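Peer 1: I am sharing target.cif, which consists of mmCIF, C-alpha atoms:
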data_target
#
loop_
_atom_site.label_atom_id
_atom_site.label_comp_id
_atom_site.auth_asym_id
_atom_site.auth_seq_id
_atom_site.Cartn_x
_atom_site.Cartn_y
_atom_site.Cartn_z
CA MET A 1 55.60 -73.29 -43.74
CA PHE A 2 53.89 -71.27 -46.41
CA GLU A 3 50.57 -72.16 -44.82
CA SER A 4 51.67 -70.80 -41.43
CA MET A 5 52.97 -67.62 -43.02
CA GLY A 6 49.68 -67.15 -44.82
CA LEU A 7 47.76 -67.60 -41.57
CA ALA A 8 49.92 -64.99 -39.85
CA ILE A 9 49.34 -62.57 -42.70
CA ILE A 10 45.61 -63.10 -42.49
CA VAL A 11 45.60 -62.52 -38.71
CA GLY A 12 47.72 -59.41 -39.09
CA ALA A 13 45.45 -58.08 -41.79
CA ALA A 14 42.42 -58.69 -39.61
CA VAL A 15 44.00 -56.81 -36.71
CA LEU A 16 44.88 -53.90 -38.95
CA LEU A 17 41.35 -53.89 -40.30
CA LEU A 18 39.91 -53.80 -36.77
CA LEU A 19 42.22 -50.98 -35.79
CA PHE A 20 41.26 -49.09 -38.91
CA LEU A 21 37.57 -49.60 -38.25
CA LYS A 22 38.03 -48.60 -34.62
CA SER A 23 39.46 -45.29 -35.71
CA PHE A 24 36.11 -44.59 -37.38
CA ILE A 25 33.99 -45.48 -34.33
CA ARG A 26 33.41 -43.14 -31.35
CA ILE A 27 31.29 -44.24 -28.38
CA VAL A 28 30.46 -41.35 -26.03
CA PRO A 29 29.53 -42.26 -22.41
CA GLN A 30 26.42 -40.91 -20.70
CA ASN A 31 26.64 -37.29 -19.44
CA GLU A 32 29.74 -36.59 -21.47
CA ALA A 33 30.36 -34.60 -24.67
CA PHE A 34 33.16 -34.79 -27.25
CA VAL A 35 34.10 -31.74 -29.30
CA VAL A 36 35.22 -32.82 -32.77
CA GLU A 37 37.50 -30.75 -34.99
CA ARG A 38 37.90 -31.28 -38.75
CA LEU A 39 41.23 -30.17 -40.08
CA GLY A 40 41.77 -28.02 -36.97
CA LYS A 41 38.35 -26.32 -37.14
CA TYR A 42 35.32 -26.96 -34.96
CA SER A 43 33.04 -29.49 -36.65
CA ARG A 44 30.43 -30.78 -34.21
CA THR A 45 29.72 -31.94 -30.62
CA LEU A 46 29.13 -35.63 -30.02
CA LEU A 47 26.75 -36.50 -27.18
CA ALA A 48 26.19 -39.89 -25.54
CA GLY A 49 25.89 -42.77 -27.99
CA PHE A 50 27.52 -44.29 -31.11
CA HIS A 51 29.24 -42.02 -33.65
CA ILE A 52 31.52 -42.39 -36.70
CA THR A 53 34.41 -40.04 -37.39
CA ILE A 54 36.89 -39.81 -40.25
CA PRO A 55 40.40 -40.75 -39.18
CA VAL A 56 43.21 -38.26 -39.76
CA ILE A 57 40.76 -35.62 -40.99
CA GLU A 58 38.69 -35.47 -37.79
CA ARG A 59 39.79 -35.73 -34.20
CA VAL A 60 38.28 -35.36 -30.72
CA ALA A 61 39.83 -32.14 -29.45
CA TYR A 62 38.00 -31.73 -26.07
CA ARG A 63 36.15 -34.02 -23.71
CA HIS A 64 33.72 -32.51 -21.18
CA SER A 65 31.66 -33.97 -18.37
CA LEU A 66 28.11 -32.65 -18.29
CA LYS A 67 27.66 -33.55 -14.62
CA GLU A 68 27.59 -31.00 -11.84
CA TYR A 69 30.97 -30.77 -10.15
CA ALA A 70 32.54 -28.78 -7.33
CA VAL A 71 35.55 -26.49 -7.49
CA ASP A 72 37.39 -25.61 -4.30
CA VAL A 73 38.07 -21.87 -3.96
CA ALA A 74 41.29 -21.38 -2.01
CA SER A 75 41.44 -19.17 1.07
CA GLN A 76 42.07 -15.48 0.44
CA GLN A 77 42.26 -12.19 2.31
CA ALA A 78 39.26 -9.88 2.06
CA ILE A 79 38.86 -6.49 3.74
CA THR A 80 35.48 -5.55 5.20
CA ARG A 81 33.86 -2.14 5.10
CA ASP A 82 35.20 -1.40 8.59
CA ASN A 83 38.78 -2.31 7.52
CA VAL A 84 39.09 -5.78 9.05
CA ALA A 85 41.12 -8.34 7.09
CA LEU A 86 39.37 -11.71 6.97
CA GLY A 87 40.57 -15.07 5.69
CA ILE A 88 37.73 -16.59 3.66
CA ASP A 89 37.36 -19.63 1.42
CA GLY A 90 34.50 -21.45 -0.24
CA VAL A 91 33.34 -24.07 -2.71
CA LEU A 92 31.75 -23.50 -6.11
CA TYR A 93 29.24 -25.80 -7.81
CA LEU A 94 28.94 -25.51 -11.60
CA LYS A 95 27.85 -27.39 -14.71
CA ILE A 96 28.84 -27.14 -18.38
CA MET A 97 25.87 -26.28 -20.54
CA ASP A 98 27.59 -25.55 -23.87
CA PRO A 99 30.66 -27.76 -24.56
CA LYS A 100 31.69 -25.65 -27.57
CA ALA A 101 31.76 -22.38 -25.56
CA ALA A 102 33.53 -24.12 -22.69
CA SER A 103 36.20 -25.37 -25.13
CA TYR A 104 36.86 -22.20 -27.09
CA GLY A 105 35.58 -19.42 -24.76
CA VAL A 106 38.43 -19.56 -22.22
CA GLU A 107 41.85 -21.19 -22.04
CA ASN A 108 41.50 -22.76 -18.58
CA LEU A 109 37.88 -22.90 -17.49
CA GLN A 110 38.40 -24.06 -13.87
CA PHE A 111 41.16 -21.51 -13.22
CA ALA A 112 39.08 -18.71 -14.69
CA ILE A 113 36.02 -19.64 -12.63
CA THR A 114 38.10 -19.82 -9.44
CA GLN A 115 39.65 -16.41 -10.00
CA LEU A 116 36.25 -14.93 -10.78
CA ALA A 117 34.84 -16.40 -7.58
CA GLN A 118 37.66 -14.90 -5.50
CA THR A 119 37.33 -11.42 -6.98
CA SER A 120 33.54 -11.50 -6.60
CA MET A 121 33.89 -12.60 -2.98
CA ARG A 122 36.37 -9.81 -2.18
CA ALA A 123 34.05 -7.25 -3.75
CA GLU A 124 31.07 -8.55 -1.79
CA ILE A 125 32.94 -8.63 1.54
CA GLY A 126 34.05 -5.04 0.97
CA LYS A 127 30.41 -3.94 1.08
CA LEU A 128 29.77 -5.44 4.52
CA SER A 129 30.93 -4.80 8.06
CA LEU A 130 32.53 -7.51 10.21
CA ASP A 131 29.28 -8.33 12.01
CA ASP A 132 27.36 -8.48 8.72
CA THR A 133 29.75 -11.06 7.27
CA PHE A 134 28.83 -13.52 10.02
CA GLU A 135 25.11 -12.79 9.89
CA SER A 136 24.59 -12.62 6.11
CA ARG A 137 26.19 -15.76 4.71
CA GLU A 138 23.14 -16.62 2.65
CA ASN A 139 23.08 -13.17 1.08
CA ILE A 140 26.81 -13.36 0.36
CA ASN A 141 26.41 -16.75 -1.31
CA ALA A 142 23.50 -15.51 -3.44
CA HIS A 143 25.29 -12.35 -4.59
CA VAL A 144 28.52 -14.17 -5.44
CA THR A 145 26.62 -16.89 -7.33
CA ARG A 146 24.74 -14.31 -9.38
CA ALA A 147 27.92 -12.36 -10.19
CA ILE A 148 29.88 -15.44 -11.30
CA ASP A 149 26.98 -16.84 -13.30
CA GLU A 150 26.56 -13.65 -15.29
CA ALA A 151 30.27 -13.49 -16.10
CA SER A 152 30.66 -17.20 -16.94
CA GLU A 153 27.67 -17.37 -19.29
CA VAL A 154 29.88 -16.69 -22.32
CA TRP A 155 31.99 -19.70 -21.30
CA GLY A 156 29.02 -22.04 -21.63
CA THR A 157 29.03 -22.73 -17.88
CA LYS A 158 26.16 -22.49 -15.40
CA VAL A 159 27.12 -21.61 -11.81
CA LEU A 160 24.57 -23.35 -9.60
CA ARG A 161 25.64 -22.09 -6.16
CA TYR A 162 28.51 -20.83 -4.07
CA GLU A 163 29.02 -21.70 -0.41
CA VAL A 164 31.28 -19.93 2.06
CA LYS A 165 33.14 -22.55 4.07
CA ASP A 166 35.19 -20.66 6.68
CA ILE A 167 35.57 -17.04 7.75
CA THR A 168 38.69 -16.48 9.85
CA PRO A 169 39.14 -13.08 11.56
CA PRO A 170 42.55 -11.95 12.88
CA ALA A 171 43.69 -13.16 16.32
CA THR A 172 43.10 -9.74 17.91
CA ILE A 173 39.55 -9.65 16.59
CA LEU A 174 38.95 -13.17 17.93
CA GLU A 175 40.10 -12.05 21.39
CA GLU A 176 37.81 -9.03 21.28
CA MET A 177 34.93 -11.22 20.17
CA GLU A 178 35.59 -13.61 23.05
CA LYS A 179 35.58 -10.70 25.50
CA GLN A 180 32.38 -9.36 23.96
CA MET A 181 30.73 -12.77 24.19
CA GLY A 182 31.84 -13.09 27.83
CA ALA A 183 30.44 -9.65 28.64
CA GLU A 184 27.19 -10.50 26.88
CA ARG A 185 26.86 -13.74 28.85
CA GLU A 186 27.56 -11.86 32.09
CA ARG A 187 24.95 -9.26 31.18
CA ARG A 188 22.38 -11.98 30.50
CA VAL A 189 23.16 -13.59 33.86
CA GLN A 190 22.71 -10.27 35.64
CA VAL A 191 19.50 -9.53 33.78
CA THR A 192 18.15 -12.99 34.56
CA THR A 193 19.13 -12.64 38.23
CA SER A 194 17.55 -9.19 38.53
CA GLU A 195 14.40 -10.37 36.78
CA GLY A 196 14.20 -13.32 39.16
CA TYR A 197 14.70 -11.05 42.19
CA ARG A 198 12.11 -8.61 40.88
CA GLN A 199 9.61 -11.39 40.27
CA SER A 200 10.26 -12.86 43.72
CA GLN A 201 9.67 -9.43 45.33
CA ILE A 202 6.46 -9.02 43.34
CA ASN A 203 5.30 -12.49 44.35
CA ARG A 204 6.17 -11.81 47.99
CA ALA A 205 4.35 -8.46 47.95
CA GLN A 206 1.33 -10.05 46.33
CA GLY A 207 1.44 -12.86 48.87
CA ASP A 208 1.62 -10.38 51.78
CA ARG A 209 -1.24 -8.37 50.31
CA GLU A 210 -3.41 -11.43 49.82
CA ALA A 211 -2.54 -12.64 53.34
CA GLN A 212 -3.53 -9.27 54.83
CA ILE A 213 -6.75 -9.30 52.86
CA LEU A 214 -7.52 -12.82 54.04
CA ARG A 215 -6.70 -11.91 57.66
CA ALA A 216 -8.88 -8.80 57.42
CA GLN A 217 -11.68 -10.83 55.90
CA GLY A 218 -11.26 -13.45 58.63
CA THR A 219 -11.33 -10.78 61.35
CA ALA A 220 -14.40 -9.15 59.82
CA GLU A 221 -16.17 -12.48 59.58
CA ALA A 222 -15.19 -13.32 63.16
CA LEU A 223 -16.50 -9.99 64.40
CA THR A 224 -19.70 -10.46 62.44
CA ILE A 225 -20.19 -13.94 63.83
CA GLU A 226 -19.36 -12.73 67.35
CA ALA A 227 -21.76 -9.78 67.07
CA THR A 228 -24.47 -12.05 65.73
CA ALA A 229 -23.91 -14.52 68.55
CA ARG A 230 -23.88 -11.74 71.12
CA GLY A 231 -27.10 -10.28 69.74
CA GLU A 232 -28.67 -13.73 69.76
CA ALA A 233 -27.54 -14.20 73.36
CA ILE A 234 -28.94 -10.83 74.37
CA ARG A 235 -32.25 -11.64 72.72
CA THR A 236 -32.33 -15.01 74.49
CA ILE A 237 -31.54 -13.38 77.85
CA SER A 238 -34.17 -10.72 77.24
CA ALA A 239 -36.75 -13.37 76.47
CA ALA A 240 -35.73 -15.35 79.59
CA ILE A 241 -35.98 -12.25 81.79
CA ASN A 242 -39.52 -11.56 80.65
CA THR A 243 -40.61 -15.05 81.68
CA GLU A 244 -41.80 -15.90 85.18
CA GLY A 245 -38.89 -16.07 87.64
CA GLY A 246 -36.43 -14.70 85.11
CA SER A 247 -35.67 -11.55 87.06
CA ALA A 248 -34.87 -13.50 90.23
CA ALA A 249 -32.55 -15.78 88.29
CA VAL A 250 -30.69 -12.82 86.82
CA ALA A 251 -30.37 -11.18 90.23
CA GLN A 252 -28.98 -14.40 91.65
CA GLN A 253 -26.52 -14.64 88.75
CA LEU A 254 -25.35 -11.07 89.37
CA ALA A 255 -24.87 -11.79 93.04
CA GLU A 256 -22.77 -14.88 92.25
CA GLN A 257 -20.61 -12.91 89.83
CA TYR A 258 -20.25 -10.18 92.44
CA VAL A 259 -19.00 -12.68 95.01
CA ALA A 260 -16.72 -14.41 92.49
CA ALA A 261 -15.16 -11.09 91.52
CA PHE A 262 -14.22 -10.26 95.08
CA GLU A 263 -12.93 -13.79 95.57
CA LYS A 264 -10.63 -13.39 92.55
CA LEU A 265 -9.32 -10.07 93.84
CA ALA A 266 -8.60 -11.65 97.21
CA ARG A 267 -6.57 -14.47 95.58
CA GLU A 268 -4.62 -12.58 92.92
CA GLY A 269 -4.29 -9.02 94.17
CA THR A 270 -1.93 -7.67 96.85
CA ILE A 271 -4.64 -5.40 98.21
CA ALA A 272 -8.00 -6.86 99.24
CA LEU A 273 -11.14 -4.82 98.67
CA ILE A 274 -13.82 -6.03 101.05
CA PRO A 275 -17.27 -4.44 101.09
CA GLY A 276 -18.72 -3.38 104.42
CA ASP A 277 -21.45 -5.99 104.21
CA GLY A 278 -19.23 -8.71 102.79
CA ASN A 279 -20.53 -11.28 105.32
CA ASP A 280 -24.17 -10.61 104.49
CA VAL A 281 -24.66 -12.68 101.36
CA ALA A 282 -28.42 -12.39 101.54
CA GLY A 283 -28.13 -8.63 101.65
CA MET A 284 -25.83 -8.69 98.63
CA VAL A 285 -28.35 -10.75 96.73
CA ALA A 286 -31.17 -8.38 97.73
CA LYS A 287 -29.16 -5.36 96.58
CA ALA A 288 -28.32 -6.98 93.32
CA TYR A 289 -31.94 -7.89 92.74
CA THR A 290 -33.12 -4.34 93.65
CA ALA A 291 -30.54 -2.77 91.30
CA PHE A 292 -31.40 -5.13 88.48
CA ASP A 293 -35.14 -4.54 88.98
CA ALA A 294 -34.67 -0.76 88.87
CA LEU A 295 -32.53 -1.00 85.77
CA LYS A 296 -35.02 -3.29 84.05
CA ASP A 297 -37.90 -0.97 84.89
CA LYS A 298 -36.00 2.00 83.47
CA VAL A 299 -35.15 0.16 80.28
CA ASP A 300 -38.74 -1.01 79.84
CA ARG A 301 -40.10 2.48 80.27
CA THR A 302 -37.53 3.96 77.91
CA GLY A 303 -38.17 1.35 75.26
CA ALA A 304 -41.97 1.57 75.67
CA SER A 305 -42.18 5.26 74.86
CA PRO A 306 -39.12 6.33 72.94
CA GLY A 307 -40.61 9.69 72.13
CA THR A 308 -41.21 10.76 75.81
CA THR A 309 -38.91 11.45 78.74
CA PRO A 310 -39.06 8.78 81.48
CA GLY A 311 -40.88 9.91 84.62
CA VAL A 312 -42.81 12.68 82.83
CA SER A 313 -46.51 12.09 82.07
#
Take the structure I supplied and represent it as structure tokens, if you would.
Peer 2:
Amino acid sequence: MFESMGLAIIVGAAVLLLLFLKSFIRIVPQNEAFVVERLGKYSRTLLAGFHITIPVIERVAYRHSLKEYAVDVASQQAITRDNVALGIDGVLYLKIMDPKAASYGVENLQFAITQLAQTSMRAEIGKLSLDDTFESRENINAHVTRAIDEASEVWGTKVLRYEVKDITPPATILEEMEKQMGAERERRVQVTTSEGYRQSQINRAQGDREAQILRAQGTAEALTIEATARGEAIRTISAAINTEGGSAAVAQQLAEQYVAAFEKLAREGTIALIPGDGNDVAGMVAKAYTAFDALKDKVDRTGASPGTTPGVS
């Protein structure tokens, strides 16, 4: 019995000894900091690792995480430069740089940072118009971050960035914005339609112009080819006339055309024109030959001496 009681006393003493030793030992996790007070006064800051403190005399008064963390900034009303009330909220990213200043510089660090963010945001929104608040989010974030960081430096806190989450205009402003957006879309449709019509008219006018130019060029080329062919034919006929028997062949051709012309008039016309010697084909041929011979002689004499009057020596 005494042996069992002695064993219990030994075990109890060992437990008490471990508890006593544990009160001396402080193990600080990574990215954390413990603020130690000695007899109610700041003593030192314990960073990650193994540390020994004096029980009763020293105690860990504050524990801080040295990681970056986010603080939600509740929605608030802010009035723009053109007197429009907006509902705006955001999120703040910060990091404790000096655990001592964060412990003793302000009573409630997170509450103080949140209030500072809200007041800075209201001041910044008051400098901008409604349209600027939607277009300048990056500038707003930068200005608010700089303002909070400068004010929170004495609290041992570094403000890394501030992000605006939502901007909510009043219902009437939303309706006006919807109408404005609808009008803008309608204007773009009209502008696009008019530009398309204008371009189509330009293309059509250019097409008509190019078609006219091509037709004119085609007509000119046709006339040139026709004139060239006609000149070539005339030169060929002239050369054939000057050969032996050419004049008789031309006279015969004229007589045939003469007869064919009267034949066509007799078939198609309502009035028939019949020459007095219409039955004398030989006479018609002789007249045609005589007329052609006289004309040829006149042309030859005119072309032979262009500087003199025909029939005058």
Peer 1: Between A:Glu226, A:Asp149, A:Asp131, A:Glu32, which residue has the minimum interatomic distance to Ala117 of chain A, considering all atoms listed in the file?
Peer 2: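 Of all the options, A:Asp149 lies closest to Ala117 of chain A.
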Peer 1: Skipping near chain neighbours, those fewer than 6 positions away, what residues fall within 12 Å of Glu68 of chain A using all atoms listed in the file, listed as a list in words?
Peer 2: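 So the residues in contact are Asn31, Glu32, Leu92, Tyr93, Leu94, Lys95, Ile96, Met97, Thr157, Lys158, Val159, Leu160 and Arg161 of chain A.
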Peer 1: Return the single residue from A:Asp132, A:Gly6, A:Phe50, A:Pro55 that is closest to Ser23 of chain A, with distances computed using only C-alpha atoms.
Peer 2: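 Distance minimum relative to Ser23 of chain A lands on A:Pro55.
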Peer 1: In Å, rounded to a single decimal, give me how far atom CA of Val56 of chain A is from atom CA of Val28 of chain A.
Peer 2: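 Computed distance, atom CA of Val28 of chain A to atom CA of Val56 of chain A, equals 19.0 Å.
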Peer 1: If the PyMOL selection byres ((chain A and resi 151) around 12) is run on the structure shown, which residues does it catch, given as a VMD selection string?
Peer 2: chain A and resid 105 to 106 112 to 113 115 to 117 119 to 120 144 to 150 152 to 159
Peer 1: Name the residues captured by the PyMOL selection byres ((chain A and resi 54) around 9) when it is applied to the shown file; answer as a list in words.
Peer 2: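 Expected selection for the PyMOL selection byres ((chain A and resi 54) around 9) here is Ser23, Phe24, Ile25, Arg38, Ile52, Thr53, Pro55, Val56, Ile57, Glu58 and Arg59 of chain A.
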Peer 1: Under the rule that only C-alpha atoms are counted, which of A:Thr219, A:Thr236, A:Thr45, A:Gln206 is the nearest residue to Ala101 of chain A?
Peer 2: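 Comparing A:Thr219, A:Thr236, A:Thr45, A:Gln206 against Ala101 of chain A, the winner is A:Thr45.
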Peer 1: So that I can see what lies close to Thr80 of chain A, please list as a list in words the residues with an atom at most 9 Å from it, counting all atoms listed in the file and leaving out residues fewer than 4 positions away in the same chain.
Peer 2: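 Selected residues are Val84, Ala85, Leu86, Arg122, Glu124, Ile125, Gly126, Lys127, Leu128, Ser129, Leu130 and Thr133 of chain A.
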Peer 1: Ranking A:Lys165, A:Arg188, A:His64, A:His51 by minimum distance to Val91 of chain A and counting only C-alpha atoms, which one comes first?
Peer 2: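 Between A:Lys165, A:Arg188, A:His64, A:His51, the residue approaching Val91 of chain A most closely is A:Lys165.
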Peer 1: Once you count all atoms listed in the file, which residues end up no further than 12 Å from (37.7, -16.1, 7.2) in the file's frame, shown as JSON, numbers by chain?
Peer 2: {"A": [74, 75, 76, 77, 78, 79, 80, 84, 85, 86, 87, 88, 89, 90, 121, 122, 125, 130, 133, 134, 137, 164, 165, 166, 167, 168, 169, 170, 171, 173, 174]}
Peer 1: Could you check how far atom CA of Lys179 of chain A sits from atom CA of Thr193 of chain A, in Å to one decimal?
Peer 2: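 Rounded to one decimal, the two atoms are 20.9 Å apart.
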Peer 1: Quick one: distance from atom CA of Gly49 of chain A to atom CA of Ala13 of chain A in Å, one decimal?
Peer 2: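 So the answer is 28.4 Å.
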Peer 1: Would you give the centre and edge lengths, in Å to one decimal, of a box along x, y and z around the listed atoms of segment 47-50 of chain A, with 6 Å added to each side, as JSON?
Peer 2:
{"center_x": 26.7, "center_y": -40.4, "center_z": -28.3, "size_x": 13.6, "size_y": 19.8, "size_z": 17.6}
